[in-house]
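**Q** As input, take upload-v2.txt (compact mmCIF, C-alpha atoms):
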```txt
# COMPACT_ATOMS: atom_id res chain seq x y z
CA MET A 1 0.00 0.00 0.00
CA ALA A 2 1.30 3.41 -0.88
CA LYS A 3 2.24 5.49 2.13
CA GLY A 4 2.64 9.21 2.51
CA SER A 5 5.69 10.25 4.47
CA GLY A 6 3.92 12.79 6.61
CA GLY A 7 5.60 16.10 7.20
CA PRO A 8 4.85 19.67 8.13
CA GLY A 9 1.24 20.62 7.90
CA THR A 10 -0.27 17.15 8.06
CA GLY A 11 -0.49 17.14 11.82
CA GLY A 12 -1.87 13.61 11.76
CA ALA A 13 -5.26 15.10 10.90
CA SER A 14 -8.04 12.72 9.92
CA GLN A 15 -10.90 13.27 7.50
CA ALA A 16 -14.47 12.05 7.57
CA SER A 17 -13.48 9.32 5.08
CA GLY A 18 -10.63 8.25 7.37
CA GLY A 19 -6.88 8.60 7.12
CA ALA A 20 -4.30 11.33 7.48
CA LEU A 21 -4.13 14.27 5.13
CA VAL A 22 -1.72 13.80 2.26
CA GLN A 23 1.69 15.42 2.72
CA GLY A 24 1.64 19.07 1.62
CA ILE A 25 -2.04 19.69 2.37
CA GLY A 26 -2.59 21.10 5.83
CA PRO A 27 -5.89 21.53 7.68
CA ALA A 28 -6.21 25.08 6.32
CA GLU A 29 -6.11 23.84 2.70
CA ALA A 30 -8.06 20.61 3.18
CA GLY A 31 -11.48 22.17 2.63
CA ARG A 32 -10.41 23.92 -0.58
CA ALA A 33 -8.78 20.75 -1.88
CA ARG A 34 -11.94 18.78 -1.13
CA ASP A 35 -14.00 21.36 -3.03
CA VAL A 36 -11.83 20.82 -6.10
CA LEU A 37 -11.44 17.05 -5.92
CA GLY A 38 -14.82 16.11 -4.52
CA ILE A 39 -13.13 13.85 -1.94
CA ALA A 40 -11.02 14.34 1.17
CA PRO A 41 -7.31 14.79 0.27
CA THR A 42 -6.04 11.88 2.34
CA GLU A 43 -2.96 9.77 1.70
CA SER A 44 -4.97 6.73 0.63
CA ALA A 45 -7.36 8.68 -1.60
CA MET A 46 -4.57 10.52 -3.40
CA ALA A 47 -2.61 7.29 -3.89
CA ASP A 48 -5.69 5.81 -5.55
CA VAL A 49 -6.18 8.86 -7.78
CA LEU A 50 -2.51 8.72 -8.84
CA GLY A 51 -2.73 5.00 -9.59
CA VAL A 52 -0.06 3.98 -7.08
CA SER A 53 -2.18 2.56 -4.25
CA GLY A 54 -0.79 -0.94 -4.77
CA ILE A 55 2.86 0.06 -5.17
CA GLU A 56 5.18 -0.64 -2.27
CA GLY A 57 7.20 2.38 -1.21
CA ALA A 58 5.17 4.97 -3.12
CA ARG A 59 5.19 8.44 -1.55
CA VAL A 60 2.36 10.82 -2.40
CA SER A 61 2.22 14.58 -1.87
CA ALA A 62 -0.08 17.39 -2.97
CA GLY A 63 -0.34 21.14 -2.93
CA MET A 64 -2.80 23.96 -3.61
CA ARG A 65 -1.78 26.45 -6.29
CA SER A 66 -2.68 30.13 -6.19
CA ASP A 67 -5.11 29.62 -9.09
CA GLY A 68 -7.04 27.03 -7.06
CA ALA A 69 -5.66 23.93 -8.77
CA VAL A 70 -4.60 20.88 -6.77
CA VAL A 71 -1.29 19.33 -7.89
CA VAL A 72 -0.73 15.72 -6.81
CA THR A 73 2.62 13.93 -7.18
CA ALA A 74 3.81 10.40 -6.48
CA VAL A 75 7.35 9.01 -6.34
CA TRP A 76 8.22 5.32 -6.05
CA PRO A 77 11.27 3.06 -6.45
CA VAL A 78 11.80 1.26 -9.77
CA ALA A 79 14.72 -0.34 -11.58
CA GLY A 80 17.39 2.28 -12.09
CA GLY A 81 16.08 4.82 -9.58
CA GLU A 82 12.69 6.43 -8.93
CA ALA A 83 9.58 7.02 -11.01
CA HIS A 84 7.64 10.29 -10.78
CA ILE A 85 4.08 11.13 -11.78
CA THR A 86 2.27 14.47 -11.48
CA ARG A 87 -1.37 15.38 -12.14
CA THR A 88 -3.10 18.78 -11.86
CA PHE A 89 -6.80 18.91 -10.93
CA ARG A 90 -9.02 21.93 -11.57
CA ARG A 91 -12.72 22.54 -11.07
CA GLY A 92 -14.46 25.03 -13.36
CA PRO A 93 -17.91 25.77 -14.77
CA LYS A 94 -17.89 22.49 -16.72
CA GLY A 95 -16.73 20.38 -13.78
CA LEU A 96 -13.53 18.61 -12.75
CA THR A 97 -10.65 18.37 -15.23
CA VAL A 98 -7.24 16.72 -14.94
CA HIS A 99 -4.01 17.59 -16.73
CA HIS A 100 -1.44 14.81 -17.05
CA ASP A 101 1.74 16.78 -16.37
CA ASN A 102 4.20 13.92 -16.61
CA ILE A 103 5.12 10.35 -15.89
CA LEU A 104 8.89 9.94 -15.70
CA LEU A 105 10.67 6.59 -15.61
CA PRO A 106 14.42 5.92 -15.45
CA GLU A 107 15.80 4.47 -18.68
CA ALA A 108 16.25 1.06 -17.06
CA ALA A 109 12.52 0.90 -16.25
CA GLN A 110 11.23 2.06 -19.63
CA GLY A 111 9.53 -0.49 -21.85
CA ALA A 112 8.69 -2.74 -18.89
CA GLY A 113 4.95 -2.06 -18.99
CA LEU A 114 4.92 -0.12 -15.72
CA ALA A 115 2.88 2.88 -16.88
CA ARG A 116 -0.22 1.24 -18.32
CA PRO A 117 -1.64 -0.32 -15.10
CA ILE A 118 -1.02 2.95 -13.26
CA LEU A 119 -2.85 4.94 -15.94
CA ALA A 120 -5.68 2.39 -15.98
CA GLN A 121 -6.13 2.79 -12.21
CA GLN A 122 -6.14 6.56 -12.66
CA PHE A 123 -8.95 6.42 -15.21
CA ARG A 124 -11.01 4.16 -12.96
CA ALA A 125 -10.57 6.77 -10.22
CA TYR A 126 -11.50 9.53 -12.68
CA ASP A 127 -14.77 7.73 -13.41
CA ARG A 128 -15.56 7.60 -9.70
CA LEU A 129 -14.68 11.29 -9.27
CA GLY A 130 -16.77 12.32 -12.27
CA VAL A 131 -13.83 13.88 -14.14
CA LYS A 132 -15.14 15.60 -17.28
CA ARG A 133 -11.93 16.03 -19.29
CA VAL A 134 -8.34 14.76 -19.23
CA THR A 135 -5.65 16.75 -21.05
CA LEU A 136 -1.99 16.22 -21.85
CA ASP A 137 0.83 17.47 -24.05
CA ALA A 138 2.11 14.65 -26.27
CA ALA A 139 5.80 14.30 -27.15
CA LYS A 140 8.06 11.50 -28.36
CA THR A 141 6.15 8.19 -28.47
CA GLY A 142 3.12 9.90 -26.90
CA ARG A 143 2.51 11.72 -30.19
CA TYR A 144 1.65 8.32 -31.65
CA VAL A 145 0.24 6.44 -28.66
CA TRP A 146 -2.29 8.95 -27.33
CA PRO A 147 -4.08 10.00 -30.54
CA ARG A 148 -4.26 6.35 -31.56
CA ALA A 149 -5.71 5.48 -28.15
CA GLY A 150 -8.49 8.08 -28.46
CA TYR A 151 -7.20 11.53 -27.44
CA GLU A 152 -8.10 14.43 -29.74
CA ALA A 153 -5.93 17.41 -30.67
CA PRO A 154 -7.16 21.04 -30.83
CA ALA A 155 -7.71 22.40 -34.33
CA ASP A 156 -4.55 24.53 -34.37
CA GLN A 157 -2.41 21.59 -33.25
CA THR A 158 -4.02 19.32 -35.83
CA ARG A 159 -3.13 21.79 -38.57
CA ARG A 160 0.51 21.89 -37.38
CA VAL A 161 0.83 18.11 -37.31
CA ARG A 162 -0.98 17.71 -40.63
CA ALA A 163 1.31 20.22 -42.37
CA ALA A 164 4.45 18.56 -40.99
CA PHE A 165 3.16 15.13 -41.99
CA GLU A 166 2.54 16.31 -45.54
CA ARG A 167 6.01 17.88 -45.78
CA GLN A 168 7.79 14.81 -44.49
CA THR A 169 5.82 12.09 -46.28
CA GLY A 170 4.17 13.68 -49.30
CA VAL A 171 0.81 12.30 -48.16
CA ASP A 172 -2.26 14.45 -48.86
CA ALA A 173 -3.48 14.89 -45.27
CA ARG A 174 -6.39 17.22 -45.95
CA GLY A 175 -9.21 16.52 -43.50
CA MET A 176 -7.16 14.08 -41.43
CA SER A 177 -7.19 14.19 -37.63
CA VAL A 178 -4.07 13.38 -35.64
CA GLY A 179 -5.70 10.03 -34.89
CA ASP A 180 -6.09 9.42 -38.62
CA ILE A 181 -2.40 10.23 -39.09
CA ALA A 182 -1.47 7.82 -36.27
CA ARG A 183 -3.40 5.05 -38.03
CA HIS A 184 -1.90 5.83 -41.46
CA PRO A 185 0.77 3.35 -42.68
CA LYS A 186 3.35 6.16 -42.52
CA GLY A 187 1.95 7.68 -39.32
CA LYS A 188 3.89 5.85 -36.63
CA ALA A 189 7.28 6.50 -38.23
CA PHE A 190 6.43 10.19 -38.60
CA LEU A 191 4.87 10.81 -35.18
CA THR A 192 7.69 9.08 -33.30
CA SER A 193 10.42 10.87 -35.25
CA PRO A 194 12.26 13.99 -34.01
CA VAL A 195 10.70 16.11 -36.79
CA ALA A 196 7.15 15.66 -35.49
CA PRO A 197 5.95 18.58 -33.34
CA THR A 198 4.88 18.29 -29.72
CA ILE A 199 1.09 18.22 -29.61
CA PHE A 200 -0.20 20.60 -26.94
CA GLY A 201 -3.60 20.36 -25.28
CA MET A 202 -4.66 16.90 -26.39
CA HIS A 203 -7.86 15.94 -24.61
CA VAL A 204 -10.41 13.22 -24.07
CA ASP A 205 -13.90 13.93 -22.70
CA ARG A 206 -16.01 11.75 -20.44
CA GLY A 207 -18.94 10.10 -22.19
CA THR A 208 -17.35 10.18 -25.65
CA PRO A 209 -16.16 7.28 -27.82
CA GLY A 210 -12.62 8.58 -27.23
CA TRP A 211 -12.97 8.10 -23.45
CA ALA A 212 -14.17 4.53 -23.94
CA SER A 213 -11.34 3.92 -26.40
CA VAL A 214 -8.68 5.21 -23.98
CA ARG A 215 -10.15 3.11 -21.16
CA ALA A 216 -10.11 0.01 -23.37
CA TYR A 217 -6.51 0.67 -24.42
CA LEU A 218 -5.33 1.09 -20.82
CA GLU A 219 -7.20 -1.98 -19.55
CA ARG A 220 -5.74 -4.18 -22.29
CA THR A 221 -3.23 -6.72 -20.98
```
As structure tokens, what does this structure read like?
**A**
Amino acid sequence: MAKGSGGPGTGGASQASGGALVQGIGPAEAGRARDVLGIAPTESAMADVLGVSGIEGARVSAGMRSDGAVVVTAVWPVAGGEAHITRTFRRGPKGLTVHHDNILLPEAAQGAGLARPILAQQFRAYDRLGVKRVTLDAAKTGRYVWPRAGYEAPADQTRRVRAAFERQTGVDARGMSVGDIARHPKGKAFLTSPVAPTIFGMHVDRGTPGWASVRAYLERT
């Protein structure tokens, strides 16, 4: 079970749902964090939301930003060092949204299938929380993986990727989405190459075919 390491501000406080406040969220911030997340910001709840509740040695922390967002981070030991994951939660007029800031693995731990079960647990938690939208910025292999899984790119980003794809491959990409490019026979080689641009603001919305597609991709074994 993931454990928080305690620290200043936690004070051993307990919430109605049970458990100590996650490290970095003191009693003064707990109410605001609950308003954003919809749940008490306890160690166990935040470990579940970050997808690390079953990982031995995981340490979870959180903090309130000045703009009202809640940033939650987990660190845990893996081959070659430590893995890090950060998520930013915001609540606005359309409900709760999550930005996937990063998931960082040492080189020795990459390609070992560590990320997918963590991300799958996160999406199960997002369903329970009623998250409306998940966003991320896609680089490197993510430029191929996430649009193929079901994430959509904003119109301006789609135009950038489409233009670069046409320049590099000679393919007529008019009307193609980034997902279409990912599924094209030349798409993977292009999107995973250094010449492909980072795709900012990719998103998937709850209740859409894309959400179901991402869930299915993450749950696949």
**Q** Return the padded bounding box of stretch 95-110 of chain A as lines of an AutoDock Vina configuration file: axis-aligned, built from all atoms listed in the file, 3 Å added on each side, with centre and edge lengths in Å to one decimal.
**A**
```
center_x = -0.2
center_y = 10.6
center_z = -16.2
size_x = 39.0
size_y = 25.5
size_z = 12.9
```
**Q** Find the spatial neighbours of A:Gly68, counting all atoms listed in the file, within a cut-off of 12 Å - ignore same-chain residues fewer than 4 positions away - and output them as a list of chain:residue names.
**A**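 Here the answer would be A:Glu29, A:Gly31, A:Arg32, A:Ala33, A:Arg34, A:Asp35, A:Val36, A:Leu37, A:Gly63, A:Met64, A:Thr88, A:Phe89, A:Arg90, A:Arg91, A:Gly92.
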**Q** Identify which of the residues A:Ile118, A:Leu105, A:Ala40, A:Ile25 lies closest to A:Gly54, counting only C-alpha atoms when measuring atom-to-atom distances.
**A** A:Ile118
**Q** So which one's closest to A:Ala138, A:Asp101, A:Asp48, A:Glu82, A:Asp180? Using all atoms listed in the file, please.
**A**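 Looking only at the distances to A:Ala138, the closest residue turns out to be A:Asp101.
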**Q** Between atom CA of A:Ala79 and atom CA of A:Ile55, measure the distance and give it in Å to one decimal.
**A**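 Taking atom CA of A:Ala79 as the start and atom CA of A:Ile55 as the end point, the length is 13.5 Å.
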**Q** Rounded to one decimal, what separation in Å do you get between atom CA of A:Pro41 and atom CA of A:Leu21?
**A**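 Taking atom CA of A:Pro41 and atom CA of A:Leu21, their separation equals 5.8 Å.
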**Q** Could you work out how far atom CA of A:Asp205 lies from atom CA of A:His100, giving the answer in Å with one decimal?
**A**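 Atom CA of A:Asp205 lies at a distance of 13.7 Å from atom CA of A:His100.
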**Q** With distances taken over all atoms listed in the file, which residue among A:Thr158, A:Ser193, A:Thr73, A:Gln168 lies nearest A:Ala139?
**A**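 Of A:Thr158, A:Ser193, A:Thr73, A:Gln168, the one nearest A:Ala139 is A:Ser193, counting all atoms listed in the file.
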**Q** Measuring atom to atom with all atoms listed in the file, identify which of A:Ala108, A:Val98, A:Ile181, A:Ala69 is nearest to A:Val131.
**A**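 Of A:Ala108, A:Val98, A:Ile181, A:Ala69, the one nearest A:Val131, counting all atoms listed in the file, is A:Val98.
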**Q** Measuring atom to atom with all atoms listed in the file, identify which of A:Gly57, A:Ala164, A:Gln23, A:Ala115 is nearest to A:Val71.
**A**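 Answer, going by the shortest atom-to-atom distance: A:Gln23.
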**Q** Closest to A:Tyr217 among A:Gly150, A:Gly81, A:Pro106, A:Pro194, using only C-alpha atoms?
**A**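 Using only C-alpha atoms, the shortest distance to A:Tyr217 belongs to A:Gly150.
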**Q** If you count only C-alpha atoms, which residues fall within 12 Å of A:Val60, apart from same-chain ones fewer than 2 positions away, as a PDB file with C-alpha atoms, in the coordinates of the input?
**A**
```
ATOM      1  CA  MET A   1       0.000   0.000   0.000  1.00  0.00           C
ATOM      2  CA  ALA A   2       1.300   3.410  -0.880  1.00  0.00           C
ATOM      3  CA  LYS A   3       2.240   5.490   2.130  1.00  0.00           C
ATOM      4  CA  GLY A   4       2.640   9.210   2.510  1.00  0.00           C
ATOM      5  CA  SER A   5       5.690  10.250   4.470  1.00  0.00           C
ATOM      6  CA  GLY A   6       3.920  12.790   6.610  1.00  0.00           C
ATOM      7  CA  GLY A   7       5.600  16.100   7.200  1.00  0.00           C
ATOM      8  CA  ALA A  20      -4.300  11.330   7.480  1.00  0.00           C
ATOM      9  CA  LEU A  21      -4.130  14.270   5.130  1.00  0.00           C
ATOM     10  CA  VAL A  22      -1.720  13.800   2.260  1.00  0.00           C
ATOM     11  CA  GLN A  23       1.690  15.420   2.720  1.00  0.00           C
ATOM     12  CA  GLY A  24       1.640  19.070   1.620  1.00  0.00           C
ATOM     13  CA  ILE A  25      -2.040  19.690   2.370  1.00  0.00           C
ATOM     14  CA  PRO A  41      -7.310  14.790   0.270  1.00  0.00           C
ATOM     15  CA  THR A  42      -6.040  11.880   2.340  1.00  0.00           C
ATOM     16  CA  GLU A  43      -2.960   9.770   1.700  1.00  0.00           C
ATOM     17  CA  SER A  44      -4.970   6.730   0.630  1.00  0.00           C
ATOM     18  CA  ALA A  45      -7.360   8.680  -1.600  1.00  0.00           C
ATOM     19  CA  MET A  46      -4.570  10.520  -3.400  1.00  0.00           C
ATOM     20  CA  ALA A  47      -2.610   7.290  -3.890  1.00  0.00           C
ATOM     21  CA  ASP A  48      -5.690   5.810  -5.550  1.00  0.00           C
ATOM     22  CA  VAL A  49      -6.180   8.860  -7.780  1.00  0.00           C
ATOM     23  CA  LEU A  50      -2.510   8.720  -8.840  1.00  0.00           C
ATOM     24  CA  GLY A  51      -2.730   5.000  -9.590  1.00  0.00           C
ATOM     25  CA  VAL A  52      -0.060   3.980  -7.080  1.00  0.00           C
ATOM     26  CA  SER A  53      -2.180   2.560  -4.250  1.00  0.00           C
ATOM     27  CA  ILE A  55       2.860   0.060  -5.170  1.00  0.00           C
ATOM     28  CA  GLU A  56       5.180  -0.640  -2.270  1.00  0.00           C
ATOM     29  CA  GLY A  57       7.200   2.380  -1.210  1.00  0.00           C
ATOM     30  CA  ALA A  58       5.170   4.970  -3.120  1.00  0.00           C
ATOM     31  CA  ALA A  62      -0.080  17.390  -2.970  1.00  0.00           C
ATOM     32  CA  GLY A  63      -0.340  21.140  -2.930  1.00  0.00           C
ATOM     33  CA  VAL A  71      -1.290  19.330  -7.890  1.00  0.00           C
ATOM     34  CA  VAL A  72      -0.730  15.720  -6.810  1.00  0.00           C
ATOM     35  CA  THR A  73       2.620  13.930  -7.180  1.00  0.00           C
ATOM     36  CA  ALA A  74       3.810  10.400  -6.480  1.00  0.00           C
ATOM     37  CA  VAL A  75       7.350   9.010  -6.340  1.00  0.00           C
ATOM     38  CA  TRP A  76       8.220   5.320  -6.050  1.00  0.00           C
ATOM     39  CA  ALA A  83       9.580   7.020 -11.010  1.00  0.00           C
ATOM     40  CA  HIS A  84       7.640  10.290 -10.780  1.00  0.00           C
ATOM     41  CA  ILE A  85       4.080  11.130 -11.780  1.00  0.00           C
ATOM     42  CA  THR A  86       2.270  14.470 -11.480  1.00  0.00           C
ATOM     43  CA  ARG A  87      -1.370  15.380 -12.140  1.00  0.00           C
TER      44      ARG A  87
END
```
**Q** Taking the structure in the block just given, could you write stretch 138-187 of chain A with C-alpha atoms, as a short mmCIF file (atom, residue, chain, number, x, y, z; two decimals), in the first residue's frame?
**A**
```
data_model
loop_
_atom_site.label_atom_id
_atom_site.label_comp_id
_atom_site.auth_asym_id
_atom_site.auth_seq_id
_atom_site.Cartn_x
_atom_site.Cartn_y
_atom_site.Cartn_z
CA ALA A 138 2.11 14.65 -26.27
CA ALA A 139 5.80 14.30 -27.15
CA LYS A 140 8.06 11.50 -28.36
CA THR A 141 6.15 8.19 -28.47
CA GLY A 142 3.12 9.90 -26.90
CA ARG A 143 2.51 11.72 -30.19
CA TYR A 144 1.65 8.32 -31.65
CA VAL A 145 0.24 6.44 -28.66
CA TRP A 146 -2.29 8.95 -27.33
CA PRO A 147 -4.08 10.00 -30.54
CA ARG A 148 -4.26 6.35 -31.56
CA ALA A 149 -5.71 5.48 -28.15
CA GLY A 150 -8.49 8.08 -28.46
CA TYR A 151 -7.20 11.53 -27.44
CA GLU A 152 -8.10 14.43 -29.74
CA ALA A 153 -5.93 17.41 -30.67
CA PRO A 154 -7.16 21.04 -30.83
CA ALA A 155 -7.71 22.40 -34.33
CA ASP A 156 -4.55 24.53 -34.37
CA GLN A 157 -2.41 21.59 -33.25
CA THR A 158 -4.02 19.32 -35.83
CA ARG A 159 -3.13 21.79 -38.57
CA ARG A 160 0.51 21.89 -37.38
CA VAL A 161 0.83 18.11 -37.31
CA ARG A 162 -0.98 17.71 -40.63
CA ALA A 163 1.31 20.22 -42.37
CA ALA A 164 4.45 18.56 -40.99
CA PHE A 165 3.16 15.13 -41.99
CA GLU A 166 2.54 16.31 -45.54
CA ARG A 167 6.01 17.88 -45.78
CA GLN A 168 7.79 14.81 -44.49
CA THR A 169 5.82 12.09 -46.28
CA GLY A 170 4.17 13.68 -49.30
CA VAL A 171 0.81 12.30 -48.16
CA ASP A 172 -2.26 14.45 -48.86
CA ALA A 173 -3.48 14.89 -45.27
CA ARG A 174 -6.39 17.22 -45.95
CA GLY A 175 -9.21 16.52 -43.50
CA MET A 176 -7.16 14.08 -41.43
CA SER A 177 -7.19 14.19 -37.63
CA VAL A 178 -4.07 13.38 -35.64
CA GLY A 179 -5.70 10.03 -34.89
CA ASP A 180 -6.09 9.42 -38.62
CA ILE A 181 -2.40 10.23 -39.09
CA ALA A 182 -1.47 7.82 -36.27
CA ARG A 183 -3.40 5.05 -38.03
CA HIS A 184 -1.90 5.83 -41.46
CA PRO A 185 0.77 3.35 -42.68
CA LYS A 186 3.35 6.16 -42.52
CA GLY A 187 1.95 7.68 -39.32
#
```
